[in-house]
file input.tsv (TSV, N, CA and C atoms)
chain	number	residue	atom	x	y	z
A	1	MET	N	8.26	-13.24	19.59
A	1	MET	CA	8.97	-14.06	20.54
A	1	MET	C	7.99	-14.88	21.38
A	2	VAL	N	6.85	-14.28	21.70
A	2	VAL	CA	5.85	-14.98	22.52
A	2	VAL	C	5.31	-16.18	21.76
A	3	PHE	N	4.97	-15.95	20.48
A	3	PHE	CA	4.44	-17.05	19.68
A	3	PHE	C	5.49	-18.15	19.52
A	4	GLU	N	6.74	-17.74	19.30
A	4	GLU	CA	7.84	-18.70	19.15
A	4	GLU	C	7.94	-19.59	20.38
A	5	ARG	N	7.89	-18.99	21.56
A	5	ARG	CA	7.97	-19.77	22.80
A	5	ARG	C	6.76	-20.69	22.96
A	6	LYS	N	5.60	-20.21	22.55
A	6	LYS	CA	4.38	-21.02	22.63
A	6	LYS	C	4.50	-22.27	21.76
A	7	VAL	N	5.03	-22.08	20.55
A	7	VAL	CA	5.23	-23.21	19.64
A	7	VAL	C	6.27	-24.17	20.20
A	8	LEU	N	7.37	-23.63	20.72
A	8	LEU	CA	8.41	-24.50	21.29
A	8	LEU	C	7.88	-25.29	22.49
A	9	ARG	N	7.05	-24.66	23.31
A	9	ARG	CA	6.47	-25.39	24.45
A	9	ARG	C	5.58	-26.52	23.97
A	10	ARG	N	4.89	-26.29	22.87
A	10	ARG	CA	4.03	-27.32	22.31
A	10	ARG	C	4.88	-28.47	21.74
A	11	ILE	N	5.97	-28.12	21.06
A	11	ILE	CA	6.84	-29.13	20.45
A	11	ILE	C	7.51	-30.00	21.51
A	12	PHE	N	8.12	-29.37	22.51
A	12	PHE	CA	8.90	-30.11	23.50
A	12	PHE	C	8.06	-30.66	24.64
A	13	GLY	N	6.85	-30.16	24.81
A	13	GLY	CA	5.96	-30.69	25.83
A	13	GLY	C	6.35	-30.30	27.25
A	14	PRO	N	5.51	-30.72	28.21
A	14	PRO	CA	5.78	-30.37	29.61
A	14	PRO	C	6.92	-31.21	30.21
A	15	THR	N	7.36	-30.80	31.38
A	15	THR	CA	8.42	-31.50	32.12
A	15	THR	C	7.79	-32.19	33.32
A	16	LYS	N	8.16	-33.45	33.54
A	16	LYS	CA	7.66	-34.17	34.70
A	16	LYS	C	8.67	-34.06	35.83
A	17	GLU	N	8.22	-33.55	36.94
A	17	GLU	CA	9.09	-33.38	38.11
A	17	GLU	C	9.27	-34.73	38.81
A	18	ARG	N	10.19	-34.78	39.78
A	18	ARG	CA	10.47	-36.03	40.51
A	18	ARG	C	9.28	-36.47	41.36
A	19	ASP	N	8.49	-35.49	41.81
A	19	ASP	CA	7.34	-35.85	42.64
A	19	ASP	C	6.13	-36.25	41.81
A	20	GLY	N	6.26	-36.32	40.46
A	20	GLY	CA	5.18	-36.78	39.60
A	20	GLY	C	4.33	-35.66	39.02
A	21	LYS	N	4.57	-34.43	39.40
A	21	LYS	CA	3.79	-33.31	38.89
A	21	LYS	C	4.36	-32.85	37.55
A	22	TRP	N	3.48	-32.35	36.69
A	22	TRP	CA	3.87	-31.83	35.38
A	22	TRP	C	3.89	-30.31	35.43
A	23	ARG	N	4.83	-29.71	34.72
A	23	ARG	CA	4.90	-28.26	34.62
A	23	ARG	C	5.39	-27.89	33.22
A	24	ILE	N	5.09	-26.63	32.81
A	24	ILE	CA	5.57	-26.19	31.50
A	24	ILE	C	7.04	-25.80	31.62
A	25	LYS	N	7.74	-25.89	30.49
A	25	LYS	CA	9.16	-25.56	30.48
A	25	LYS	C	9.34	-24.04	30.59
A	26	THR	N	10.40	-23.64	31.26
A	26	THR	CA	10.71	-22.21	31.38
A	26	THR	C	11.40	-21.74	30.11
A	27	ASN	N	11.50	-20.43	29.93
A	27	ASN	CA	12.20	-19.87	28.77
A	27	ASN	C	13.66	-20.31	28.75
A	28	TYR	N	14.28	-20.39	29.91
A	28	TYR	CA	15.67	-20.82	29.99
A	28	TYR	C	15.82	-22.26	29.49
A	29	GLU	N	14.92	-23.15	29.92
A	29	GLU	CA	14.98	-24.55	29.47
A	29	GLU	C	14.78	-24.66	27.96
A	30	LEU	N	13.85	-23.87	27.43
A	30	LEU	CA	13.62	-23.89	25.98
A	30	LEU	C	14.85	-23.39	25.23
A	31	ASP	N	15.47	-22.36	25.76
A	31	ASP	CA	16.67	-21.80	25.14
A	31	ASP	C	17.80	-22.82	25.12
A	32	GLU	N	17.93	-23.58	26.19
A	32	GLU	CA	18.95	-24.64	26.25
A	32	GLU	C	18.65	-25.75	25.24
A	33	LEU	N	17.37	-26.09	25.07
A	33	LEU	CA	16.99	-27.15	24.14
A	33	LEU	C	17.29	-26.78	22.69
A	34	ILE	N	17.09	-25.52	22.33
A	34	ILE	CA	17.35	-25.11	20.95
A	34	ILE	C	18.76	-24.57	20.78
A	35	ARG	N	19.57	-24.65	21.81
A	35	ARG	CA	20.99	-24.26	21.80
A	35	ARG	C	21.17	-22.80	21.40
A	36	HIS	N	20.35	-21.93	21.94
A	36	HIS	CA	20.46	-20.48	21.77
A	36	HIS	C	20.35	-20.03	20.31
A	37	LYS	N	19.68	-20.80	19.45
A	37	LYS	CA	19.51	-20.41	18.05
A	37	LYS	C	18.22	-19.62	17.90
A	38	ASN	N	18.22	-18.70	16.96
A	38	ASN	CA	17.04	-17.91	16.67
A	38	ASN	C	16.21	-18.67	15.65
A	39	ILE	N	15.04	-19.14	16.04
A	39	ILE	CA	14.19	-19.95	15.18
A	39	ILE	C	13.69	-19.14	13.99
A	40	ILE	N	13.38	-17.87	14.19
A	40	ILE	CA	12.87	-17.03	13.10
A	40	ILE	C	13.91	-16.91	11.99
A	41	ASN	N	15.17	-16.66	12.36
A	41	ASN	CA	16.23	-16.58	11.35
A	41	ASN	C	16.41	-17.91	10.63
A	42	HIS	N	16.27	-19.00	11.36
A	42	HIS	CA	16.39	-20.32	10.75
A	42	HIS	C	15.29	-20.54	9.72
A	43	ILE	N	14.06	-20.16	10.05
A	43	ILE	CA	12.94	-20.33	9.13
A	43	ILE	C	13.15	-19.48	7.88
A	44	LYS	N	13.59	-18.23	8.05
A	44	LYS	CA	13.85	-17.36	6.90
A	44	LYS	C	14.96	-17.94	6.03
A	45	ALA	N	16.00	-18.46	6.65
A	45	ALA	CA	17.11	-19.03	5.90
A	45	ALA	C	16.65	-20.25	5.11
A	46	GLN	N	15.83	-21.09	5.70
A	46	GLN	CA	15.32	-22.27	5.01
A	46	GLN	C	14.43	-21.87	3.84
A	47	ARG	N	13.63	-20.82	4.04
A	47	ARG	CA	12.74	-20.35	2.98
A	47	ARG	C	13.56	-19.83	1.80
A	48	LEU	N	14.61	-19.04	2.07
A	48	LEU	CA	15.46	-18.54	1.00
A	48	LEU	C	16.23	-19.68	0.32
A	49	SER	N	16.64	-20.66	1.10
A	49	SER	CA	17.34	-21.81	0.54
A	49	SER	C	16.43	-22.57	-0.43
A	50	TRP	N	15.18	-22.78	-0.03
A	50	TRP	CA	14.23	-23.49	-0.90
A	50	TRP	C	13.94	-22.66	-2.16
A	51	PHE	N	13.84	-21.35	-2.01
A	51	PHE	CA	13.60	-20.47	-3.15
A	51	PHE	C	14.73	-20.59	-4.17
A	52	GLY	N	15.97	-20.58	-3.70
A	52	GLY	CA	17.11	-20.75	-4.59
A	52	GLY	C	17.09	-22.11	-5.26
A	53	HIS	N	16.75	-23.15	-4.51
A	53	HIS	CA	16.66	-24.50	-5.06
A	53	HIS	C	15.57	-24.57	-6.13
A	54	LEU	N	14.44	-23.92	-5.87
A	54	LEU	CA	13.31	-23.92	-6.79
A	54	LEU	C	13.69	-23.27	-8.12
A	55	HIS	N	14.44	-22.18	-8.07
A	55	HIS	CA	14.81	-21.49	-9.30
A	55	HIS	C	15.91	-22.20	-10.07
A	56	ARG	N	16.64	-23.09	-9.43
A	56	ARG	CA	17.65	-23.88	-10.15
A	56	ARG	C	17.07	-25.16	-10.74
A	57	MET	N	15.83	-25.49	-10.39
A	57	MET	CA	15.20	-26.72	-10.89
A	57	MET	C	14.95	-26.63	-12.40
A	58	PRO	N	14.94	-27.79	-13.07
A	58	PRO	CA	14.56	-27.79	-14.48
A	58	PRO	C	13.08	-27.39	-14.64
A	59	GLU	N	12.75	-26.82	-15.78
A	59	GLU	CA	11.39	-26.31	-16.01
A	59	GLU	C	10.34	-27.42	-16.00
A	60	GLU	N	10.70	-28.65	-16.34
A	60	GLU	CA	9.70	-29.72	-16.43
A	60	GLU	C	9.32	-30.32	-15.07
A	61	ARG	N	10.02	-29.97	-13.99
A	61	ARG	CA	9.69	-30.50	-12.67
A	61	ARG	C	8.32	-29.99	-12.22
A	62	MET	N	7.53	-30.85	-11.61
A	62	MET	CA	6.17	-30.51	-11.19
A	62	MET	C	6.16	-29.35	-10.19
A	63	VAL	N	7.09	-29.34	-9.26
A	63	VAL	CA	7.14	-28.28	-8.25
A	63	VAL	C	7.33	-26.92	-8.92
A	64	LYS	N	8.21	-26.85	-9.90
A	64	LYS	CA	8.45	-25.58	-10.59
A	64	LYS	C	7.25	-25.18	-11.43
A	65	ARG	N	6.57	-26.15	-12.05
A	65	ARG	CA	5.38	-25.82	-12.83
A	65	ARG	C	4.27	-25.28	-11.94
A	66	VAL	N	4.12	-25.85	-10.75
A	66	VAL	CA	3.11	-25.35	-9.82
A	66	VAL	C	3.48	-23.95	-9.34
A	67	TYR	N	4.76	-23.70	-9.09
A	67	TYR	CA	5.22	-22.38	-8.65
A	67	TYR	C	4.94	-21.32	-9.72
A	68	LYS	N	5.17	-21.65	-10.98
A	68	LYS	CA	5.00	-20.69	-12.06
A	68	LYS	C	3.55	-20.57	-12.54
A	69	TRP	N	2.68	-21.47	-12.12
A	69	TRP	CA	1.29	-21.48	-12.57
A	69	TRP	C	0.56	-20.24	-12.08
A	70	LYS	N	-0.19	-19.62	-12.98
A	70	LYS	CA	-1.00	-18.45	-12.64
A	70	LYS	C	-2.47	-18.82	-12.81
A	71	PRO	N	-3.26	-18.77	-11.75
A	71	PRO	CA	-4.67	-19.13	-11.86
A	71	PRO	C	-5.44	-18.10	-12.68
A	72	MET	N	-6.55	-18.53	-13.27
A	72	MET	CA	-7.37	-17.65	-14.10
A	72	MET	C	-8.28	-16.76	-13.24
A	73	LEU	N	-8.45	-17.11	-11.98
A	73	LEU	CA	-9.35	-16.38	-11.10
A	73	LEU	C	-8.73	-15.07	-10.63
A	74	THR	N	-9.58	-14.15	-10.21
A	74	THR	CA	-9.08	-12.92	-9.61
A	74	THR	C	-9.04	-13.11	-8.10
A	75	ARG	N	-8.23	-12.31	-7.45
A	75	ARG	CA	-8.14	-12.39	-5.99
A	75	ARG	C	-9.34	-11.69	-5.37
A	76	PRO	N	-9.76	-12.12	-4.18
A	76	PRO	CA	-10.91	-11.50	-3.53
A	76	PRO	C	-10.63	-10.05	-3.13
A	77	LEU	N	-11.71	-9.30	-2.91
A	77	LEU	CA	-11.58	-7.91	-2.51
A	77	LEU	C	-11.01	-7.81	-1.10
A	78	GLY	N	-10.52	-6.63	-0.77
A	78	GLY	CA	-9.97	-6.40	0.56
A	78	GLY	C	-8.46	-6.50	0.56
A	79	ARG	N	-7.93	-6.54	1.76
A	79	ARG	CA	-6.47	-6.63	1.89
A	79	ARG	C	-6.00	-7.99	1.39
A	80	PRO	N	-5.01	-8.01	0.49
A	80	PRO	CA	-4.54	-9.30	-0.01
A	80	PRO	C	-3.81	-10.10	1.06
A	81	LYS	N	-4.01	-11.39	1.04
A	81	LYS	CA	-3.33	-12.26	1.99
A	81	LYS	C	-1.85	-12.36	1.61
A	82	ASN	N	-1.00	-12.52	2.61
A	82	ASN	CA	0.42	-12.68	2.36
A	82	ASN	C	0.68	-14.01	1.68
A	83	ARG	N	1.42	-13.98	0.61
A	83	ARG	CA	1.79	-15.21	-0.08
A	83	ARG	C	3.23	-15.57	0.26
A	84	TRP	N	3.59	-16.80	-0.04
A	84	TRP	CA	4.95	-17.28	0.24
A	84	TRP	C	5.97	-16.41	-0.48
A	85	GLU	N	5.68	-16.06	-1.72
A	85	GLU	CA	6.60	-15.25	-2.50
A	85	GLU	C	6.75	-13.84	-1.92
A	86	ASP	N	5.68	-13.31	-1.33
A	86	ASP	CA	5.76	-12.00	-0.68
A	86	ASP	C	6.74	-12.05	0.49
A	87	ASP	N	6.71	-13.14	1.26
A	87	ASP	CA	7.65	-13.30	2.37
A	87	ASP	C	9.09	-13.37	1.87
A	88	ILE	N	9.31	-14.06	0.74
A	88	ILE	CA	10.63	-14.16	0.14
A	88	ILE	C	11.13	-12.77	-0.25
A	89	ILE	N	10.28	-11.99	-0.88
A	89	ILE	CA	10.65	-10.64	-1.32
A	89	ILE	C	11.00	-9.77	-0.11
A	90	ASN	N	10.20	-9.87	0.95
A	90	ASN	CA	10.50	-9.10	2.17
A	90	ASN	C	11.82	-9.52	2.80
A	91	ASP	N	12.09	-10.82	2.83
A	91	ASP	CA	13.36	-11.31	3.38
A	91	ASP	C	14.54	-10.77	2.56
A	92	MET	N	14.39	-10.74	1.24
A	92	MET	CA	15.48	-10.24	0.39
A	92	MET	C	15.68	-8.75	0.59
A	93	LYS	N	14.60	-8.01	0.82
A	93	LYS	CA	14.74	-6.58	1.09
A	93	LYS	C	15.50	-6.36	2.39
A	94	LYS	N	15.20	-7.15	3.42
A	94	LYS	CA	15.90	-7.01	4.70
A	94	LYS	C	17.38	-7.34	4.56
A	95	LEU	N	17.69	-8.31	3.69
A	95	LEU	CA	19.09	-8.69	3.47
A	95	LEU	C	19.77	-7.80	2.43
A	96	LYS	N	19.00	-6.88	1.83
A	96	LYS	CA	19.50	-5.97	0.80
A	96	LYS	C	20.04	-6.71	-0.41
A	97	ILE	N	19.33	-7.75	-0.82
A	97	ILE	CA	19.65	-8.49	-2.05
A	97	ILE	C	18.69	-7.96	-3.11
A	98	LYS	N	19.22	-7.17	-4.06
A	98	LYS	CA	18.36	-6.56	-5.07
A	98	LYS	C	18.29	-7.39	-6.34
A	99	ASN	N	19.41	-7.82	-6.84
A	99	ASN	CA	19.44	-8.56	-8.09
A	99	ASN	C	19.74	-10.03	-7.79
A	100	TRP	N	18.77	-10.74	-7.28
A	100	TRP	CA	18.99	-12.10	-6.79
A	100	TRP	C	19.29	-13.09	-7.90
A	101	THR	N	18.93	-12.80	-9.15
A	101	THR	CA	19.20	-13.75	-10.22
A	101	THR	C	20.69	-13.87	-10.50
A	102	THR	N	21.46	-12.79	-10.27
A	102	THR	CA	22.90	-12.86	-10.49
A	102	THR	C	23.67	-13.02	-9.19
A	103	ALA	N	22.95	-13.03	-8.06
A	103	ALA	CA	23.62	-13.20	-6.78
A	103	ALA	C	24.21	-14.61	-6.69
A	104	SER	N	25.27	-14.74	-5.95
A	104	SER	CA	25.90	-16.04	-5.82
A	104	SER	C	24.98	-16.99	-5.05
A	105	ARG	N	25.24	-18.26	-5.20
A	105	ARG	CA	24.42	-19.27	-4.54
A	105	ARG	C	24.48	-19.11	-3.02
A	106	ILE	N	25.62	-18.67	-2.51
A	106	ILE	CA	25.77	-18.48	-1.08
A	106	ILE	C	24.81	-17.42	-0.58
A	107	ALA	N	24.55	-16.42	-1.41
A	107	ALA	CA	23.70	-15.31	-0.99
A	107	ALA	C	22.27	-15.74	-0.73
A	108	ILE	N	21.79	-16.77	-1.42
A	108	ILE	CA	20.41	-17.19	-1.19
A	108	ILE	C	20.33	-18.57	-0.55
A	109	SER	N	21.45	-19.06	-0.07
A	109	SER	CA	21.41	-20.34	0.64
A	109	SER	C	21.06	-20.10	2.10
A	110	GLY	N	20.69	-21.15	2.77
A	110	GLY	CA	20.27	-21.04	4.16
A	110	GLY	C	21.35	-20.56	5.09
A	111	ASN	N	22.61	-20.85	4.82
A	111	ASN	CA	23.68	-20.47	5.73
A	111	ASN	C	24.04	-19.00	5.65
A	112	TYR	N	23.68	-18.33	4.56
A	112	TYR	CA	24.05	-16.93	4.39
A	112	TYR	C	23.48	-16.08	5.51
A	113	MET	N	22.23	-16.29	5.83
A	113	MET	CA	21.58	-15.47	6.83
A	113	MET	C	22.20	-15.69	8.21
A	114	LEU	N	22.65	-16.89	8.47
A	114	LEU	CA	23.19	-17.19	9.79
A	114	LEU	C	24.65	-16.76	9.92
A	115	ARG	N	25.39	-16.71	8.80
A	115	ARG	CA	26.81	-16.40	8.87
A	115	ARG	C	27.16	-15.02	8.35
A	116	ARG	N	26.21	-14.21	8.01
A	116	ARG	CA	26.47	-12.90	7.41
A	116	ARG	C	27.27	-12.02	8.36
A	117	PRO	N	28.41	-11.49	7.93
A	117	PRO	CA	29.19	-10.63	8.81
A	117	PRO	C	28.50	-9.31	9.04
A	118	LYS	N	28.67	-8.78	10.24
A	118	LYS	CA	28.07	-7.50	10.58
A	118	LYS	C	29.15	-6.43	10.49
A	119	HIS	N	28.80	-5.32	9.86
A	119	HIS	CA	29.74	-4.22	9.68
A	119	HIS	C	29.12	-2.96	10.28
A	120	SER	N	29.96	-2.16	10.85
A	120	SER	CA	29.47	-0.87	11.33
A	120	SER	C	29.35	0.07	10.12
A	121	LYS	N	28.64	1.15	10.30
A	121	LYS	CA	28.42	2.08	9.19
A	121	LYS	C	29.72	2.71	8.71
A	122	ASN	N	30.67	2.89	9.60
A	122	ASN	CA	31.93	3.53	9.25
A	122	ASN	C	32.96	2.56	8.70
A	123	GLU	N	32.74	1.26	8.89
A	123	GLU	CA	33.72	0.26	8.48
A	123	GLU	C	33.58	-0.04	6.99
A	124	ALA	N	34.69	-0.12	6.28
A	124	ALA	CA	34.67	-0.43	4.86
A	124	ALA	C	34.46	-1.93	4.66
A	125	VAL	N	33.76	-2.30	3.61
A	125	VAL	CA	33.50	-3.70	3.30
A	125	VAL	C	34.50	-4.16	2.27
A	126	ALA	N	35.11	-5.32	2.53
A	126	ALA	CA	36.09	-5.88	1.61
A	126	ALA	C	35.38	-6.36	0.35
A	127	PRO	N	36.03	-6.35	-0.82
A	127	PRO	CA	35.39	-6.78	-2.07
A	127	PRO	C	34.90	-8.22	-2.01
A	128	GLU	N	35.58	-9.12	-1.27
A	128	GLU	CA	35.15	-10.53	-1.20
A	128	GLU	C	33.80	-10.61	-0.51
A	129	GLU	N	33.59	-9.82	0.54
A	129	GLU	CA	32.34	-9.87	1.29
A	129	GLU	C	31.25	-9.13	0.56
A	130	GLU	N	31.62	-8.24	-0.34
A	130	GLU	CA	30.64	-7.42	-1.03
A	130	GLU	C	29.98	-8.19	-2.15
A	131	GLY	N	30.47	-9.36	-2.52
A	131	GLY	CA	29.94	-10.12	-3.64
A	131	GLY	C	28.49	-10.51	-3.48
A	132	CYS	N	28.01	-10.65	-2.26
A	132	CYS	CA	26.63	-11.05	-2.02
A	132	CYS	C	25.68	-9.88	-2.08
A	133	SER	N	26.16	-8.68	-1.84
A	133	SER	CA	25.28	-7.52	-1.90
A	133	SER	C	25.27	-6.98	-3.32
A	134	ASN	N	24.26	-6.22	-3.62
A	134	ASN	CA	24.12	-5.68	-4.98
A	134	ASN	C	24.47	-4.20	-4.98
A	135	LYS	N	24.94	-3.76	-6.10
A	135	LYS	CA	25.33	-2.36	-6.23
A	135	LYS	C	24.26	-1.58	-6.93

call {"tool": "encode", "arguments": {"input": "input.tsv", "output": "structure tokens"}}
result
Amino acid sequence: MVFERKVLRRIFGPTKERDGKWRIKTNYELDELIRHKNIINHIKAQRLSWFGHLHRMPEERMVKRVYKWKPMLTRPLGRPKNRWEDDIINDMKKLKIKNWTTASRIAISGNYMLRRPKHSKNEAVAPEEEGCSNK
């Protein structure tokens, strides 16, 4: 949350007061500017949306060829750096999407993460809503 606010302050810049002095925006002002949306969820939704788009692309597209390309080099020693695909896999685990190849397009689109209904543990899930989750 701290990093998110730091980035938003950088994006929106300082506020000029009536007396000519500049000040940084408060958390409340930043929240009003982004209309109370969670930026992290938005980024995850966009990433999943792009992933779904990438897998629907024809094989001859340059973007898909670069995505599927495997370099001949080995990775350096030590802890491996997080890759874009690793983030996608983690997002799918959090959303409990196991078999994403047969999941509906809605399940991996950007709006799914923002509109996903919340159910209590005791509440039964209707079959229509269950289509996005895997069994």

call {"tool": "residues_around", "arguments": {"input": "input.tsv", "residues": "range 63-69 of chain A", "least_positions_apart": "5", "cutoff": "7 Å", "atoms": "all atoms listed in the file", "output": "list in words"}}
result
Leu54, Met57 and Pro58 of chain A

call {"tool": "atom_distance", "arguments": {"input": "input.tsv", "atom1": "CA of Gln46 in chain A", "atom2": "CA of Leu95 in chain A"}}
result
14.2 Å

call {"tool": "closest_residue", "arguments": {"input": "input.tsv", "among": "A:Arg61, A:Arg75, A:Lys70, A:Lys44", "to": "Asn90 in chain A", "atoms": "only C-alpha atoms"}}
result
A:Lys44

call {"tool": "residues_around", "arguments": {"input": "input.tsv", "residues": "Asn27 in chain A", "least_positions_apart": "5", "cutoff": "8 Å", "atoms": "all atoms listed in the file", "output": "ChimeraX atom specification"}}
result
/A:5,32-33

call {"tool": "write_last_selection", "arguments": {"input": "input.tsv", "atoms": "N, CA and C atoms", "output": "PDB file, in the coordinates of the input"}}
result
ATOM      1  N   ARG A   5       7.890 -18.990  21.560  1.00  0.00           N
ATOM      2  CA  ARG A   5       7.970 -19.770  22.800  1.00  0.00           C
ATOM      3  C   ARG A   5       6.760 -20.690  22.960  1.00  0.00           C
ATOM      4  N   GLU A  32      17.930 -23.580  26.190  1.00  0.00           N
ATOM      5  CA  GLU A  32      18.950 -24.640  26.250  1.00  0.00           C
ATOM      6  C   GLU A  32      18.650 -25.750  25.240  1.00  0.00           C
ATOM      7  N   LEU A  33      17.370 -26.090  25.070  1.00  0.00           N
ATOM      8  CA  LEU A  33      16.990 -27.150  24.140  1.00  0.00           C
ATOM      9  C   LEU A  33      17.290 -26.780  22.690  1.00  0.00           C
TER      10      LEU A  33
END

call {"tool": "atom_distance", "arguments": {"input": "input.tsv", "atom1": "CA of Thr26 in chain A", "atom2": "CA of Arg9 in chain A"}}
result
8.7 Å

call {"tool": "closest_residue", "arguments": {"input": "input.tsv", "among": "A:Trp50, A:Phe3, A:Trp84, A:Phe12", "to": "Lys25 in chain A", "atoms": "only C-alpha atoms"}}
result
A:Phe12

call {"tool": "atom_distance", "arguments": {"input": "input.tsv", "atom1": "atom C of Ala45 in chain A", "atom2": "CA of Glu4 in chain A"}}
result
16.6 Å

call {"tool": "axis_aligned_box", "arguments": {"input": "input.tsv", "around": "range 83-98 of chain A", "padding_each_side": "6 Å", "output": "lines of an AutoDock Vina configuration file"}}
result
center_x = 10.7
center_y = -11.6
center_z = -0.8
size_x = 30.6
size_y = 23.3
size_z = 23.0

call {"tool": "decode", "arguments": {"input": "input.tsv", "residues": "range 60-80 of chain A", "atoms": "N, CA and C atoms", "output": "mmCIF file, in the first residue's frame"}}
result
data_model
loop_
_atom_site.group_PDB
_atom_site.id
_atom_site.type_symbol
_atom_site.label_atom_id
_atom_site.label_comp_id
_atom_site.auth_asym_id
_atom_site.auth_seq_id
_atom_site.Cartn_x
_atom_site.Cartn_y
_atom_site.Cartn_z
ATOM 1 N N GLU A 60 1.559 -17.595 -35.551
ATOM 2 C CA GLU A 60 2.532 -16.853 -36.359
ATOM 3 C C GLU A 60 2.760 -15.416 -35.885
ATOM 4 N N ARG A 61 1.966 -14.916 -34.932
ATOM 5 C CA ARG A 61 2.151 -13.559 -34.426
ATOM 6 C C ARG A 61 3.482 -13.447 -33.689
ATOM 7 N N MET A 62 4.188 -12.345 -33.877
ATOM 8 C CA MET A 62 5.504 -12.147 -33.279
ATOM 9 C C MET A 62 5.444 -12.184 -31.748
ATOM 10 N N VAL A 63 4.426 -11.587 -31.164
ATOM 11 C CA VAL A 63 4.304 -11.555 -29.708
ATOM 12 C C VAL A 63 4.219 -12.980 -29.151
ATOM 13 N N LYS A 64 3.445 -13.825 -29.799
ATOM 14 C CA LYS A 64 3.297 -15.205 -29.326
ATOM 15 C C LYS A 64 4.591 -15.988 -29.532
ATOM 16 N N ARG A 65 5.297 -15.730 -30.633
ATOM 17 C CA ARG A 65 6.572 -16.424 -30.851
ATOM 18 C C ARG A 65 7.604 -16.028 -29.805
ATOM 19 N N VAL A 66 7.622 -14.758 -29.428
ATOM 20 C CA VAL A 66 8.544 -14.310 -28.383
ATOM 21 C C VAL A 66 8.160 -14.930 -27.044
ATOM 22 N N TYR A 67 6.876 -15.026 -26.757
ATOM 23 C CA TYR A 67 6.404 -15.625 -25.506
ATOM 24 C C TYR A 67 6.812 -17.098 -25.414
ATOM 25 N N LYS A 68 6.697 -17.828 -26.512
ATOM 26 C CA LYS A 68 7.004 -19.256 -26.511
ATOM 27 C C LYS A 68 8.494 -19.553 -26.675
ATOM 28 N N TRP A 69 9.293 -18.564 -27.025
ATOM 29 C CA TRP A 69 10.722 -18.763 -27.261
ATOM 30 C C TRP A 69 11.433 -19.168 -25.981
ATOM 31 N N LYS A 70 12.280 -20.180 -26.085
ATOM 32 C CA LYS A 70 13.079 -20.644 -24.952
ATOM 33 C C LYS A 70 14.553 -20.384 -25.272
ATOM 34 N N PRO A 71 15.229 -19.562 -24.483
ATOM 35 C CA PRO A 71 16.641 -19.275 -24.760
ATOM 36 C C PRO A 71 17.512 -20.505 -24.504
ATOM 37 N N MET A 72 18.660 -20.556 -25.163
ATOM 38 C CA MET A 72 19.583 -21.682 -25.023
ATOM 39 C C MET A 72 20.429 -21.559 -23.755
ATOM 40 N N LEU A 73 20.461 -20.377 -23.158
ATOM 41 C CA LEU A 73 21.288 -20.142 -21.985
ATOM 42 C C LEU A 73 20.654 -20.722 -20.732
ATOM 43 N N THR A 74 21.483 -20.955 -19.727
ATOM 44 C CA THR A 74 20.958 -21.378 -18.437
ATOM 45 C C THR A 74 20.766 -20.145 -17.566
ATOM 46 N N ARG A 75 19.916 -20.267 -16.575
ATOM 47 C CA ARG A 75 19.681 -19.151 -15.667
ATOM 48 C C ARG A 75 20.833 -19.054 -14.676
ATOM 49 N N PRO A 76 21.116 -17.846 -14.185
ATOM 50 C CA PRO A 76 22.219 -17.683 -13.234
ATOM 51 C C PRO A 76 21.935 -18.375 -11.902
ATOM 52 N N LEU A 77 23.006 -18.624 -11.148
ATOM 53 C CA LEU A 77 22.867 -19.269 -9.848
ATOM 54 C C LEU A 77 22.161 -18.352 -8.862
ATOM 55 N N GLY A 78 21.677 -18.936 -7.789
ATOM 56 C CA GLY A 78 21.006 -18.159 -6.760
ATOM 57 C C GLY A 78 19.501 -18.229 -6.909
ATOM 58 N N ARG A 79 18.851 -17.365 -6.159
ATOM 59 C CA ARG A 79 17.388 -17.345 -6.205
ATOM 60 C C ARG A 79 16.935 -16.841 -7.568
ATOM 61 N N PRO A 80 16.035 -17.575 -8.238
ATOM 62 C CA PRO A 80 15.586 -17.131 -9.554
ATOM 63 C C PRO A 80 14.736 -15.866 -9.460
#
